[in-house]
$ cat structure.pdb   # PDB, C-alpha atoms and all ligand atoms
ATOM      1  CA  MET W  22       0.000   0.000   0.000
ATOM      2  CA  HIS W  23       1.280   3.380  -1.118
ATOM      3  CA  GLU W  24       0.098   5.190   2.033
ATOM      4  CA  LEU W  25       1.894   2.743   4.303
ATOM      5  CA  SER W  26       5.296   3.437   2.783
ATOM      6  CA  ILE W  27       4.666   7.168   3.161
ATOM      7  CA  ALA W  28       3.638   6.680   6.790
ATOM      8  CA  LEU W  29       6.666   4.505   7.512
ATOM      9  CA  SER W  30       9.141   7.031   6.147
ATOM     10  CA  MET W  31       7.395   9.838   8.035
ATOM     11  CA  VAL W  32       7.536   7.913  11.319
ATOM     12  CA  GLU W  33      11.176   7.042  10.737
ATOM     13  CA  MET W  34      12.070  10.660  10.046
ATOM     14  CA  ALA W  35      10.166  11.916  13.110
ATOM     15  CA  ALA W  36      11.676   9.246  15.376
ATOM     16  CA  GLU W  37      15.182  10.249  14.310
ATOM     17  CA  GLU W  38      14.470  13.907  14.905
ATOM     18  CA  ALA W  39      12.957  13.199  18.328
ATOM     19  CA  ALA W  40      15.885  10.974  19.324
ATOM     20  CA  ARG W  41      18.314  13.704  18.343
ATOM     21  CA  ARG W  42      16.493  16.180  20.573
ATOM     22  CA  GLY W  43      15.950  13.685  23.385
ATOM     23  CA  ALA W  44      12.208  14.074  23.163
ATOM     24  CA  GLN W  45       9.044  12.144  22.350
ATOM     25  CA  VAL W  46       6.909  12.903  19.336
ATOM     26  CA  SER W  47       3.346  13.658  20.396
ATOM     27  CA  ALA W  48       2.058  14.696  16.985
ATOM     28  CA  ILE W  49       3.058  15.203  13.361
ATOM     29  CA  HIS W  50       1.471  17.981  11.353
ATOM     30  CA  LEU W  51       1.157  17.266   7.680
ATOM     31  CA  LYS W  52      -0.006  19.322   4.731
ATOM     32  CA  LEU W  53      -1.803  17.133   2.265
ATOM     33  CA  GLY W  54      -3.003  18.387  -1.087
ATOM     34  CA  LYS W  55      -6.190  16.908  -2.493
ATOM     35  CA  PHE W  56      -4.209  16.182  -5.630
ATOM     36  CA  ALA W  57      -1.313  14.433  -3.911
ATOM     37  CA  GLY W  58      -2.644  11.012  -4.791
ATOM     38  CA  VAL W  59      -2.886  10.018  -1.157
ATOM     39  CA  VAL W  60      -6.099   8.988   0.551
ATOM     40  CA  LYS W  61      -6.364  10.787   3.872
ATOM     41  CA  ASP W  62      -8.168   8.006   5.743
ATOM     42  CA  ALA W  63      -5.767   5.386   4.417
ATOM     43  CA  LEU W  64      -2.839   7.520   5.518
ATOM     44  CA  LEU W  65      -4.280   7.973   9.028
ATOM     45  CA  PHE W  66      -4.785   4.226   9.291
ATOM     46  CA  SER W  67      -1.288   3.509   7.959
ATOM     47  CA  TYR W  68       0.170   5.975  10.416
ATOM     48  CA  ASP W  69      -1.210   4.032  13.369
ATOM     49  CA  VAL W  70       0.187   0.840  11.885
ATOM     50  CA  ALA W  71       3.569   2.452  11.213
ATOM     51  CA  CYS W  72       3.796   3.762  14.784
ATOM     52  CA  GLN W  73       3.304   0.389  16.400
ATOM     53  CA  GLY W  74       6.392  -0.752  18.227
ATOM     54  CA  THR W  75       8.172   2.559  17.717
ATOM     55  CA  THR W  76       8.740   5.517  20.021
ATOM     56  CA  LEU W  77       5.881   7.222  18.179
ATOM     57  CA  GLU W  78       3.264   4.795  19.385
ATOM     58  CA  GLY W  79       0.317   6.823  20.686
ATOM     59  CA  SER W  80       1.251   9.960  18.756
ATOM     60  CA  ARG W  81      -1.185  11.668  16.418
ATOM     61  CA  LEU W  82      -1.085  12.556  12.765
ATOM     62  CA  ILE W  83      -2.767  15.896  12.143
ATOM     63  CA  ILE W  84      -3.567  16.454   8.491
ATOM     64  CA  GLU W  85      -4.285  19.838   7.002
ATOM     65  CA  GLU W  86      -5.951  19.342   3.651
ATOM     66  CA  MET W  87      -4.899  21.791   0.956
ATOM     67  CA  PRO W  88      -7.365  22.739  -1.784
ATOM     68  CA  VAL W  89      -6.387  22.444  -5.420
ATOM     69  CA  VAL W  90      -5.543  25.794  -7.000
ATOM     70  CA  VAL W  91      -4.549  26.058 -10.656
ATOM     71  CA  TYR W  92      -3.183  28.839 -12.821
ATOM     72  CA  CYS W  93      -5.397  29.768 -15.751
ATOM     73  CA  PRO W  94      -3.461  31.104 -18.785
ATOM     74  CA  THR W  95      -6.586  32.767 -20.157
ATOM     75  CA  CYS W  96      -7.583  34.612 -16.988
ATOM     76  CA  GLN W  97      -3.893  34.995 -16.080
ATOM     77  CA  ALA W  98      -4.843  34.296 -12.525
ATOM     78  CA  GLU W  99      -4.898  31.596  -9.925
ATOM     79  CA  THR W 100      -8.249  29.916  -9.878
ATOM     80  CA  MET W 101     -10.081  26.848  -8.677
ATOM     81  CA  PRO W 102     -10.490  23.959 -11.093
ATOM     82  CA  VAL W 103     -13.953  22.736 -12.026
ATOM     83  CA  SER W 104     -13.113  19.504 -10.223
ATOM     84  CA  ILE W 105     -10.103  17.408  -9.297
ATOM     85  CA  GLN W 106     -10.968  15.063 -12.142
ATOM     86  CA  ARG W 107     -11.322  17.917 -14.630
ATOM     87  CA  LEU W 108      -8.613  20.547 -14.319
ATOM     88  CA  CYS W 109     -10.331  23.408 -16.114
ATOM     89  CA  CYS W 110     -10.654  26.994 -14.955
ATOM     90  CA  CYS W 111     -13.963  27.400 -13.121
ATOM     91  CA  VAL W 112     -14.353  30.904 -14.584
ATOM     92  CA  CYS W 113     -13.662  30.408 -18.310
ATOM     93  CA  ASP W 114     -13.363  26.608 -18.597
ATOM     94  CA  THR W 115      -9.858  26.664 -20.138
ATOM     95  CA  PRO W 116      -8.029  23.392 -19.473
ATOM     96  CA  THR W 117      -4.850  23.879 -17.483
ATOM     97  CA  SER W 118      -2.166  21.640 -16.088
ATOM     98  CA  GLN W 119      -0.429  24.283 -13.999
ATOM     99  CA  ILE W 120      -1.155  23.242 -10.462
ATOM    100  CA  VAL W 121      -0.266  25.939  -7.917
ATOM    101  CA  THR W 122      -1.243  24.096  -4.754
ATOM    102  CA  GLY W 123      -2.828  20.759  -4.116
ATOM    103  CA  LYS W 124       0.116  18.399  -4.596
ATOM    104  CA  GLU W 125       1.584  18.962  -1.131
ATOM    105  CA  LEU W 126       2.688  16.063   0.948
ATOM    106  CA  GLU W 127       4.931  17.626   3.510
ATOM    107  CA  VAL W 128       5.546  17.508   7.208
ATOM    108  CA  VAL W 129       5.205  21.079   8.441
ATOM    109  CA  ALA W 130       5.770  20.550  12.156
ATOM    110  CA  LEU W 131       6.574  18.030  14.821
ATOM    111  CA  GLU W 132       5.088  18.337  18.271
ATOM    112  CA  LEU W 133       7.604  17.123  20.800
ATOM    113  CA  GLU W 134       7.216  16.327  24.454
ATOM    114  CA  GLY W 135       9.985  16.519  26.992
ATOM    115  CA  GLU W 136      12.258  18.373  24.659
ATOM    116  CA  ILE W 137      15.602  19.236  26.158
ATOM    117  CA  GLU W 138      16.426  22.900  25.653
ATOM    118  CA  VAL W 139      19.850  23.325  24.105
TER
HETATM  119 ZN    ZN D 201      -9.832  31.123 -16.717
END
$ encode --input "structure.pdb" --output "structure tokens"
Amino acid sequence: MHELSIALSMVEMAAEEAARRGAQVSAIHLKLGKFAGVVKDALLFSYDVACQGTTLEGSRLIIEEMPVVVYCPTCQAETMPVSIQRLCCCVCDTPTSQIVTGKELEVVALELEGEIEV
């Protein structure tokens, strides 16, 4: 499963970071675009699986969903597509493939507990 490999690498990265700071991860904040090709519920489920037996067990994955915004060459502006399946400007219906946001899959913050101040 695609989501599981993403979750595993995220947990691994967070565990390393926490170990380096001598802290426990309590939550991971993730930005997830609707166009990232990742199913939110599947990712949340995979996260729990990935955390089992690691120092992240019991931590939370907090997902901020990012809307899809495209650039329309006709309007010369950022606009919303008609739908995720049909990337056309919702104002003038010009097809566009220039995605401005919506493909994000990035960890934006780690919440740590018991962090040792350096
Ligand atoms: Zn347009």
$ resolve_selection --input "structure.pdb" --expression "the PyMOL selection byres (((not hetatm)) within 10 of (chain D and resi 201))" --output "count of residues only"
21
$ residues_around --input "structure.pdb" --residues "Lys61 of chain W" --least-positions-apart "3" --cutoff "9 Å" --atoms "only C-alpha atoms" --output "ChimeraX atom specification"
/W:24,53,55,64-66,84,86
$ write_last_selection --input "structure.pdb" --atoms "C-alpha atoms" --output "short mmCIF file (atom, residue, chain, number, x, y, z; two decimals), in the frame of the given file"
data_model
loop_
_atom_site.label_atom_id
_atom_site.label_comp_id
_atom_site.auth_asym_id
_atom_site.auth_seq_id
_atom_site.Cartn_x
_atom_site.Cartn_y
_atom_site.Cartn_z
CA GLU W 24 0.10 5.19 2.03
CA LEU W 53 -1.80 17.13 2.26
CA LYS W 55 -6.19 16.91 -2.49
CA LEU W 64 -2.84 7.52 5.52
CA LEU W 65 -4.28 7.97 9.03
CA PHE W 66 -4.78 4.23 9.29
CA ILE W 84 -3.57 16.45 8.49
CA GLU W 86 -5.95 19.34 3.65
#
$ atom_distance --input "structure.pdb" --atom1 "atom CA of Val59 of chain W" --atom2 "atom CA of Gln45 of chain W"
26.4 Å
$ resolve_selection --input "structure.pdb" --expression "the PyMOL selection byres (((chain W and resi 128-135) around 10) and not hetatm)" --output "list in words"
Met31, Met34, Ala35, Glu38, Ala39, Arg42, Gly43, Ala44, Gln45, Val46, Ser47, Ala48, Ile49, His50, Leu51, Lys52, Leu53, Ser80, Arg81, Leu82, Ile83, Ile84, Glu85, Glu125, Leu126, Glu127, Glu136, Ile137 and Glu138 of chain W
$ closest_residue --input "structure.pdb" --among "W:Ala36, W:Ile27, W:Val121, W:Ile105" --to "Glu78 of chain W" --atoms "only C-alpha atoms"
W:Ala36
$ closest_residue --input "structure.pdb" --among "W:Glu37, W:His23, W:Ser118, W:Lys124" --to "Leu77 of chain W" --atoms "only C-alpha atoms"
W:Glu37
$ atom_distance --input "structure.pdb" --atom1 "atom CA of Thr122 of chain W" --atom2 "atom CA of Asp62 of chain W"
20.4 Å
$ atom_distance --input "structure.pdb" --atom1 "atom CA of Ala28 of chain W" --atom2 "atom CA of Ile120 of chain W"
24.4 Å
$ closest_residue --input "structure.pdb" --among "W:Ser26, W:Val60, W:Val32, W:Gln119" --to "Cys72 of chain W" --atoms "all atoms listed in the file"
W:Val32
$ closest_residue --input "structure.pdb" --among "W:Phe56, W:Ala63, W:Met87, W:Val70" --to "Gln106 of chain W" --atoms "all atoms listed in the file"
W:Phe56
$ closest_residue --input "structure.pdb" --among "W:Ala40, W:Leu108, W:Val90, W:Leu25" --to "Tyr68 of chain W" --atoms "only C-alpha atoms"
W:Leu25
$ axis_aligned_box --input "structure.pdb" --around "segment 28-45 of chain W" --padding-each-side "4 Å" --output "AutoDock Vina command-line options"
--center_x 11.0 --center_y 10.3 --center_z 14.8 --size_x 22.7 --size_y 19.7 --size_z 25.2
